[in-house]
>>> print(open('input_21.txt').read())   # compact mmCIF, C-alpha atoms and all ligand atoms
# COMPACT_ATOMS: atom_id res chain seq x y z
CA MET A 1 0.00 0.00 0.00
CA PHE A 2 2.86 2.35 0.81
CA ARG A 3 4.47 1.69 -2.57
CA ALA A 4 1.17 2.30 -4.36
CA LEU A 5 0.75 5.61 -2.53
CA VAL A 6 4.29 6.65 -3.48
CA GLU A 7 3.45 5.85 -7.12
CA ARG A 8 0.27 7.94 -6.96
CA TYR A 9 1.91 10.84 -5.15
CA PRO A 10 5.59 10.83 -6.16
CA TYR A 11 5.67 14.59 -5.58
CA ALA A 12 4.38 14.34 -1.98
CA HIS A 13 6.12 16.85 0.23
CA CYS A 14 5.52 19.21 3.10
CA GLU A 15 3.08 21.76 1.69
CA LEU A 16 4.11 24.54 4.03
CA ASP A 17 6.52 27.05 2.51
CA PHE A 18 9.71 27.55 4.53
CA GLU A 19 13.41 28.27 4.17
CA THR A 20 14.66 27.61 7.71
CA PRO A 21 13.78 25.28 10.61
CA LEU A 22 12.37 28.28 12.50
CA GLN A 23 10.06 29.15 9.62
CA LEU A 24 8.79 25.57 9.39
CA LEU A 25 8.30 25.34 13.15
CA VAL A 26 6.25 28.54 13.23
CA ALA A 27 4.32 27.65 10.06
CA THR A 28 3.40 24.27 11.52
CA VAL A 29 2.09 25.90 14.69
CA LEU A 30 0.05 28.28 12.53
CA SER A 31 -1.38 25.42 10.46
CA ALA A 32 -3.64 24.27 13.31
CA GLN A 33 -7.31 24.48 12.27
CA THR A 34 -6.52 25.92 8.85
CA THR A 35 -5.02 24.98 5.50
CA ASP A 36 -1.40 25.09 4.46
CA VAL A 37 -2.41 27.43 1.63
CA ALA A 38 -3.79 29.91 4.17
CA VAL A 39 -0.58 29.71 6.21
CA ASN A 40 1.59 30.18 3.13
CA LYS A 41 -0.25 33.42 2.39
CA VAL A 42 0.70 35.03 5.71
CA THR A 43 4.20 33.70 6.41
CA PRO A 44 6.06 35.92 3.91
CA ALA A 45 4.77 39.00 5.72
CA LEU A 46 5.38 37.43 9.13
CA PHE A 47 8.98 36.42 8.49
CA GLY A 48 9.67 39.56 6.50
CA ARG A 49 8.66 41.68 9.49
CA TRP A 50 10.23 39.45 12.20
CA PRO A 51 13.00 37.32 10.64
CA ASP A 52 14.39 35.50 13.69
CA ALA A 53 13.36 34.12 17.05
CA ALA A 54 14.40 37.22 19.00
CA ALA A 55 12.36 39.46 16.71
CA LEU A 56 9.32 37.16 16.89
CA ALA A 57 9.55 37.03 20.68
CA GLY A 58 9.53 40.81 20.90
CA ALA A 59 6.92 41.40 18.20
CA ASP A 60 4.10 43.84 18.76
CA ARG A 61 1.09 41.72 19.64
CA ALA A 62 -1.52 43.74 17.73
CA GLU A 63 0.65 43.96 14.65
CA MET A 64 1.23 40.21 14.59
CA GLU A 65 -2.46 39.49 15.22
CA ALA A 66 -3.33 41.59 12.17
CA ILE A 67 -0.99 39.53 9.99
CA LEU A 68 -2.22 36.22 11.37
CA THR A 69 -5.94 37.03 11.18
CA PRO A 70 -6.54 35.03 7.96
CA THR A 71 -5.33 31.82 9.65
CA GLY A 72 -8.05 31.94 12.32
CA PHE A 73 -7.55 31.83 16.08
CA PHE A 74 -5.14 34.70 15.52
CA ARG A 75 -4.95 35.80 19.14
CA ALA A 76 -4.02 32.35 20.41
CA LYS A 77 -1.61 31.84 17.52
CA THR A 78 0.08 35.17 18.15
CA GLU A 79 0.54 34.21 21.78
CA SER A 80 1.90 30.79 20.79
CA VAL A 81 4.41 32.20 18.30
CA ARG A 82 5.69 34.84 20.72
CA ARG A 83 6.06 32.37 23.59
CA LEU A 84 7.59 29.71 21.37
CA ALA A 85 10.12 32.22 20.09
CA ALA A 86 10.87 33.36 23.64
CA ASP A 87 11.54 29.73 24.62
CA LEU A 88 14.00 29.41 21.74
CA VAL A 89 15.81 32.58 22.75
CA GLU A 90 15.97 31.70 26.44
CA ARG A 91 16.94 28.04 26.20
CA PHE A 92 18.34 27.37 22.74
CA ASP A 93 20.17 30.56 21.83
CA GLY A 94 17.48 31.42 19.32
CA GLN A 95 18.05 28.21 17.32
CA VAL A 96 15.57 25.40 16.69
CA PRO A 97 16.85 22.21 18.34
CA ASN A 98 16.98 19.03 16.24
CA ARG A 99 15.99 16.56 18.96
CA LEU A 100 12.43 15.44 19.60
CA ALA A 101 12.99 15.59 23.35
CA ASP A 102 13.96 19.27 23.09
CA LEU A 103 11.36 20.30 20.54
CA VAL A 104 8.44 19.08 22.65
CA THR A 105 9.56 21.28 25.55
CA LEU A 106 8.82 24.39 23.47
CA HIS A 107 5.57 26.23 24.03
CA GLY A 108 2.77 24.81 21.88
CA VAL A 109 4.94 22.13 20.27
CA GLY A 110 3.70 18.54 20.46
CA ARG A 111 5.04 15.40 18.86
CA LYS A 112 3.17 16.07 15.62
CA THR A 113 4.80 19.45 15.09
CA ALA A 114 8.17 18.17 16.31
CA ASN A 115 8.13 15.30 13.81
CA VAL A 116 7.26 17.65 10.95
CA VAL A 117 10.30 19.78 11.82
CA LEU A 118 12.60 16.77 12.27
CA GLY A 119 11.55 15.20 8.98
CA ASP A 120 11.31 18.24 6.74
CA ALA A 121 13.71 20.80 8.18
CA PHE A 122 16.45 18.50 9.49
CA GLY A 123 16.07 15.44 7.27
CA LEU A 124 15.72 13.19 10.31
CA PRO A 125 13.14 10.39 10.37
CA GLY A 126 9.83 11.48 11.83
CA ILE A 127 6.28 10.11 11.69
CA THR A 128 3.68 12.85 11.71
CA VAL A 129 0.31 11.70 13.03
CA ASP A 130 -2.12 14.44 12.12
CA THR A 131 -5.86 14.08 11.56
CA HIS A 132 -5.34 12.59 8.07
CA VAL A 133 -2.73 10.05 9.11
CA GLY A 134 -4.76 8.91 12.12
CA ARG A 135 -7.93 8.46 10.06
CA LEU A 136 -6.24 6.73 7.13
CA VAL A 137 -4.05 4.25 8.95
CA ARG A 138 -7.11 3.07 10.86
CA ARG A 139 -8.99 2.70 7.57
CA PHE A 140 -6.01 0.83 6.14
CA GLY A 141 -6.15 -1.54 9.12
CA TRP A 142 -2.59 -0.72 10.10
CA THR A 143 -3.67 0.12 13.65
CA GLN A 144 -6.75 0.24 15.81
CA GLU A 145 -5.31 2.89 18.11
CA THR A 146 -6.87 6.34 18.35
CA ASP A 147 -4.24 8.00 20.53
CA PRO A 148 -1.77 9.75 18.16
CA VAL A 149 1.28 8.77 20.19
CA LYS A 150 0.27 5.10 20.16
CA VAL A 151 -0.45 5.33 16.42
CA GLU A 152 3.01 6.82 15.89
CA HIS A 153 4.65 4.00 17.82
CA GLU A 154 2.72 1.31 15.94
CA LEU A 155 3.70 2.82 12.60
CA ALA A 156 7.30 3.00 13.76
CA GLU A 157 7.16 -0.77 14.34
CA LEU A 158 5.69 -1.40 10.88
CA PHE A 159 8.05 0.75 8.79
CA PRO A 160 11.83 1.20 8.65
CA ARG A 161 13.10 4.60 9.78
CA LYS A 162 14.04 5.63 6.25
CA ASP A 163 10.37 5.50 5.26
CA TRP A 164 8.96 7.49 8.19
CA THR A 165 9.00 10.95 6.62
CA PRO A 166 7.89 9.92 3.09
CA LEU A 167 5.21 7.73 4.65
CA SER A 168 3.79 10.75 6.47
CA HIS A 169 3.83 12.78 3.27
CA VAL A 170 2.05 10.29 1.03
CA VAL A 171 -0.58 9.40 3.63
CA ILE A 172 -1.33 13.09 4.25
CA PHE A 173 -1.54 13.69 0.49
CA HIS A 174 -3.89 10.73 0.14
CA GLY A 175 -6.08 12.04 2.96
CA ARG A 176 -6.27 15.50 1.45
CA ARG A 177 -6.87 14.40 -2.11
CA THR A 178 -8.65 11.06 -2.13
CA CYS A 179 -9.49 9.41 1.20
CA HIS A 180 -11.55 12.27 2.59
CA ALA A 181 -13.04 12.16 6.06
CA ARG A 182 -16.66 12.34 4.93
CA ARG A 183 -16.71 10.85 1.45
CA PRO A 184 -13.60 8.93 0.43
CA ALA A 185 -13.14 8.44 -3.31
CA CYS A 186 -12.75 4.65 -3.13
CA GLY A 187 -13.41 4.19 -6.85
CA ALA A 188 -10.34 6.29 -7.73
CA CYS A 189 -8.11 5.02 -4.96
CA PRO A 190 -4.72 3.42 -5.68
CA VAL A 191 -4.87 1.17 -2.60
CA ALA A 192 -8.50 0.07 -2.89
CA GLN A 193 -7.61 -3.54 -3.67
CA TRP A 194 -5.88 -3.92 -0.29
CA CYS A 195 -7.99 -1.58 1.84
CA PRO A 196 -10.36 -3.23 4.33
CA SER A 197 -12.42 -0.03 4.32
CA TYR A 198 -13.05 -0.05 0.58
CA GLY A 199 -16.72 0.84 0.13
CA GLU A 200 -16.89 3.38 2.97
CA GLY A 201 -16.95 5.99 0.24
CA GLU A 202 -17.93 6.36 -3.41
CA THR A 203 -17.01 3.26 -5.44
CA ASP A 204 -18.20 4.30 -8.90
CA PRO A 205 -14.96 5.27 -10.71
CA ALA A 206 -16.40 8.20 -12.65
CA THR A 207 -18.13 9.67 -9.62
CA ALA A 208 -15.10 9.02 -7.41
CA LEU A 209 -12.85 10.80 -9.89
CA ARG A 210 -14.88 13.95 -9.41
CA LEU A 211 -14.35 13.73 -5.64
CA LEU A 212 -10.58 14.00 -5.91
CA SER A 213 -9.51 17.34 -4.52
CA TYR A 214 -6.30 19.27 -4.51
CA GLU A 215 -5.32 22.10 -2.23
CA LEU A 216 -4.06 24.58 -4.76
CA ALA A 217 -2.12 27.77 -4.31
CA PRO A 218 -3.91 30.90 -5.52
CA GLY A 219 -3.79 31.08 -9.29
CA ALA A 220 -2.62 27.47 -9.68
CA VAL A 221 -4.53 25.27 -12.11
CA LEU A 222 -5.77 21.77 -11.28
CA PRO A 223 -4.03 19.28 -13.58
CA ASP A 224 -6.53 17.40 -15.73
CA PRO A 225 -6.41 14.50 -15.15
CA PRO A 226 -5.01 14.84 -11.62
CA PRO A 227 -1.31 13.95 -11.32
CA GLY A 228 -0.38 10.37 -10.66
CA PRO A 229 -1.65 7.22 -12.34
CA LEU A 230 -5.33 6.51 -11.92
CA PRO A 231 -6.52 2.93 -11.41
CA ASP A 232 -7.29 0.94 -14.54
CA TRP A 233 -8.94 -1.87 -12.63
CA ARG A 234 -12.26 -2.33 -10.87
CA PRO A 235 -11.60 -3.33 -7.27
CA ARG A 236 -13.98 -5.80 -5.74
CA ARG A 237 -15.61 -5.09 -2.44
CA ARG A 238 -13.80 -7.09 0.18
CA ALA A 239 -15.58 -9.53 2.43
CA ARG A 240 -15.49 -8.33 6.04
S1 LIG B 301 -10.38 2.37 -0.54
FE1 LIG B 301 -11.58 4.10 0.21
S2 LIG B 301 -11.36 4.02 2.45
FE2 LIG B 301 -9.72 2.75 1.57
S3 LIG B 301 -7.94 4.11 1.37
FE3 LIG B 301 -9.03 4.15 -0.56
S4 LIG B 301 -10.42 5.91 -0.44
FE4 LIG B 301 -9.75 5.41 1.66
>>> encode(input="input_21.txt", output="structure tokens")
Amino acid sequence: MFRALVERYPYAHCELDFETPLQLLVATVLSAQTTDVAVNKVTPALFGRWPDAAALAGADRAEMEAILTPTGFFRAKTESVRRLAADLVERFDGQVPNRLADLVTLHGVGRKTANVVLGDAFGLPGITVDTHVGRLVRRFGWTQETDPVKVEHELAELFPRKDWTPLSHVVIFHGRRTCHARRPACGACPVAQWCPSYGEGETDPATALRLLSYELAPGAVLPDPPPGPLPDWRPRRRAR
């Protein structure tokens, strides 16, 4: 299933724009309850105005809130960014640490955010269990756990460390584009033949194709057909 997902989404990557570990850390905190596209719209102004941890920690609250307004929960996010940056200045000399144990001591940083930073900013193996990964790996039958930390540990047992970061990327891409929470596009799914949850969503291929969705940057055009090979077989509904 992992190989099939890699074939469907060979371009899977972290969809947050960033140039430094600090930028990715802050962007990931801002991505709570909103889309990566929305975060990418505000981060150029944010990092242009306050380019390092010391500047972010000392930022004017009202000014930062105004920039972060489009991401929702802007007051709480402003507070999180300022306190997170202050933690970095006070305890890590303004630098983002590259150890999970250190990252999770920062204000507002849990294992999910820490693993995003480890995997995508430092190139270290990290399994990100966000809402998509949790939902999908249960549908795949890879785990029955609902607690994200337990899910992470079970996935870590199933996959070699070299696959942890790409695994997170392709599963998140699949959750965003095909295996939606409410109406998964089972009829256009590259892992349908192995998925014990096949049939939870739309199985008619033509209808399922129309359910595929892509989070596009402003002005970007949806490829037609969507990128990645589409199934040329009709999966059978699996006996439960
Ligand atoms: S078959 Fe359906 S439920 Fe299973 S992974 Fe594909 S879209 Fe999701």
>>> residues_around(input="input_21.txt", residues="Val109 in chain A", least_positions_apart="3", cutoff="10 Å", atoms="all atoms listed in the file", output="PDB file with C-alpha atoms, in the coordinates of the input")
ATOM      1  CA  LEU A  25       8.300  25.340  13.150  1.00  0.00           C
ATOM      2  CA  VAL A  26       6.250  28.540  13.230  1.00  0.00           C
ATOM      3  CA  THR A  28       3.400  24.270  11.520  1.00  0.00           C
ATOM      4  CA  VAL A  29       2.090  25.900  14.690  1.00  0.00           C
ATOM      5  CA  SER A  80       1.900  30.790  20.790  1.00  0.00           C
ATOM      6  CA  LEU A  84       7.590  29.710  21.370  1.00  0.00           C
ATOM      7  CA  ASP A 102      13.960  19.270  23.090  1.00  0.00           C
ATOM      8  CA  LEU A 103      11.360  20.300  20.540  1.00  0.00           C
ATOM      9  CA  VAL A 104       8.440  19.080  22.650  1.00  0.00           C
ATOM     10  CA  THR A 105       9.560  21.280  25.550  1.00  0.00           C
ATOM     11  CA  LEU A 106       8.820  24.390  23.470  1.00  0.00           C
ATOM     12  CA  LYS A 112       3.170  16.070  15.620  1.00  0.00           C
ATOM     13  CA  THR A 113       4.800  19.450  15.090  1.00  0.00           C
ATOM     14  CA  ALA A 114       8.170  18.170  16.310  1.00  0.00           C
ATOM     15  CA  ASN A 115       8.130  15.300  13.810  1.00  0.00           C
TER      16      ASN A 115
END
>>> residues_near_ligand(input="input_21.txt", ligand="ligand LIG 301 (chain B)", cutoff="9 Å", atoms="only C-alpha atoms and all ligand atoms", output="PyMOL selection string")
chain A and resi 136-137+139-140+174-175+178-181+183-203+208+235
>>> atom_distance(input="input_21.txt", atom1="CA of Glu157 in chain A", atom2="CA of Gly134 in chain A")
15.5 Å
>>> residues_near_point(input="input_21.txt", point="(0.0, 23.1, 5.2)", cutoff="6 Å", atoms="all atoms listed in the file", output="ChimeraX atom specification")
/A:15-16,31,35-36
>>> closest_residue(input="input_21.txt", among="A:Ile67, A:Val149, A:Cys14, A:Ala45", to="Gly123 in chain A", atoms="only C-alpha atoms")
A:Cys14
>>> residues_around(input="input_21.txt", residues="Glu65 in chain A", least_positions_apart="6", cutoff="12 Å", atoms="all atoms listed in the file", output="PDB file with C-alpha atoms, keeping the file's coordinate frame")
ATOM      1  CA  LEU A  30       0.050  28.280  12.530  1.00  0.00           C
ATOM      2  CA  VAL A  42       0.700  35.030   5.710  1.00  0.00           C
ATOM      3  CA  ALA A  45       4.770  39.000   5.720  1.00  0.00           C
ATOM      4  CA  LEU A  46       5.380  37.430   9.130  1.00  0.00           C
ATOM      5  CA  ALA A  59       6.920  41.400  18.200  1.00  0.00           C
ATOM      6  CA  THR A  71      -5.330  31.820   9.650  1.00  0.00           C
ATOM      7  CA  GLY A  72      -8.050  31.940  12.320  1.00  0.00           C
ATOM      8  CA  PHE A  73      -7.550  31.830  16.080  1.00  0.00           C
ATOM      9  CA  PHE A  74      -5.140  34.700  15.520  1.00  0.00           C
ATOM     10  CA  ARG A  75      -4.950  35.800  19.140  1.00  0.00           C
ATOM     11  CA  ALA A  76      -4.020  32.350  20.410  1.00  0.00           C
ATOM     12  CA  LYS A  77      -1.610  31.840  17.520  1.00  0.00           C
ATOM     13  CA  THR A  78       0.080  35.170  18.150  1.00  0.00           C
ATOM     14  CA  GLU A  79       0.540  34.210  21.780  1.00  0.00           C
ATOM     15  CA  SER A  80       1.900  30.790  20.790  1.00  0.00           C
ATOM     16  CA  VAL A  81       4.410  32.200  18.300  1.00  0.00           C
ATOM     17  CA  ARG A  82       5.690  34.840  20.720  1.00  0.00           C
TER      18      ARG A  82
END
>>> closest_residue(input="input_21.txt", among="A:Thr128, A:Thr143, A:Thr69, A:Ser213", to="Leu158 in chain A", atoms="only C-alpha atoms")
A:Thr143
>>> atom_distance(input="input_21.txt", atom1="CA of Met64 in chain A", atom2="CA of His107 in chain A")
17.4 Å
>>> closest_residue(input="input_21.txt", among="A:Leu88, A:Ala101, A:Val96, A:Leu5", to="Phe122 in chain A", atoms="only C-alpha atoms")
A:Val96
>>> closest_residue(input="input_21.txt", among="A:Leu124, A:Leu24, A:Val37, A:Leu212", to="Pro70 in chain A", atoms="all atoms listed in the file")
A:Val37
>>> atom_distance(input="input_21.txt", atom1="CA of Leu155 in chain A", atom2="CA of Pro21 in chain A")
24.7 Å
>>> residues_near_point(input="input_21.txt", point="(6.6, 14.2, -3.5)", cutoff="8 Å", atoms="all atoms listed in the file", output="list in words")
Val6, Tyr9, Pro10, Tyr11, Ala12, His13, Pro166, His169 and Val170 of chain A
>>> closest_residue(input="input_21.txt", among="A:Glu154, A:Asp163, A:Asp120, A:Glu7", to="Asn98 in chain A", atoms="all atoms listed in the file")
A:Asp120
>>> closest_residue(input="input_21.txt", among="A:Pro44, A:Pro148, A:Pro51, A:Pro97", to="Arg135 in chain A", atoms="all atoms listed in the file")
A:Pro148
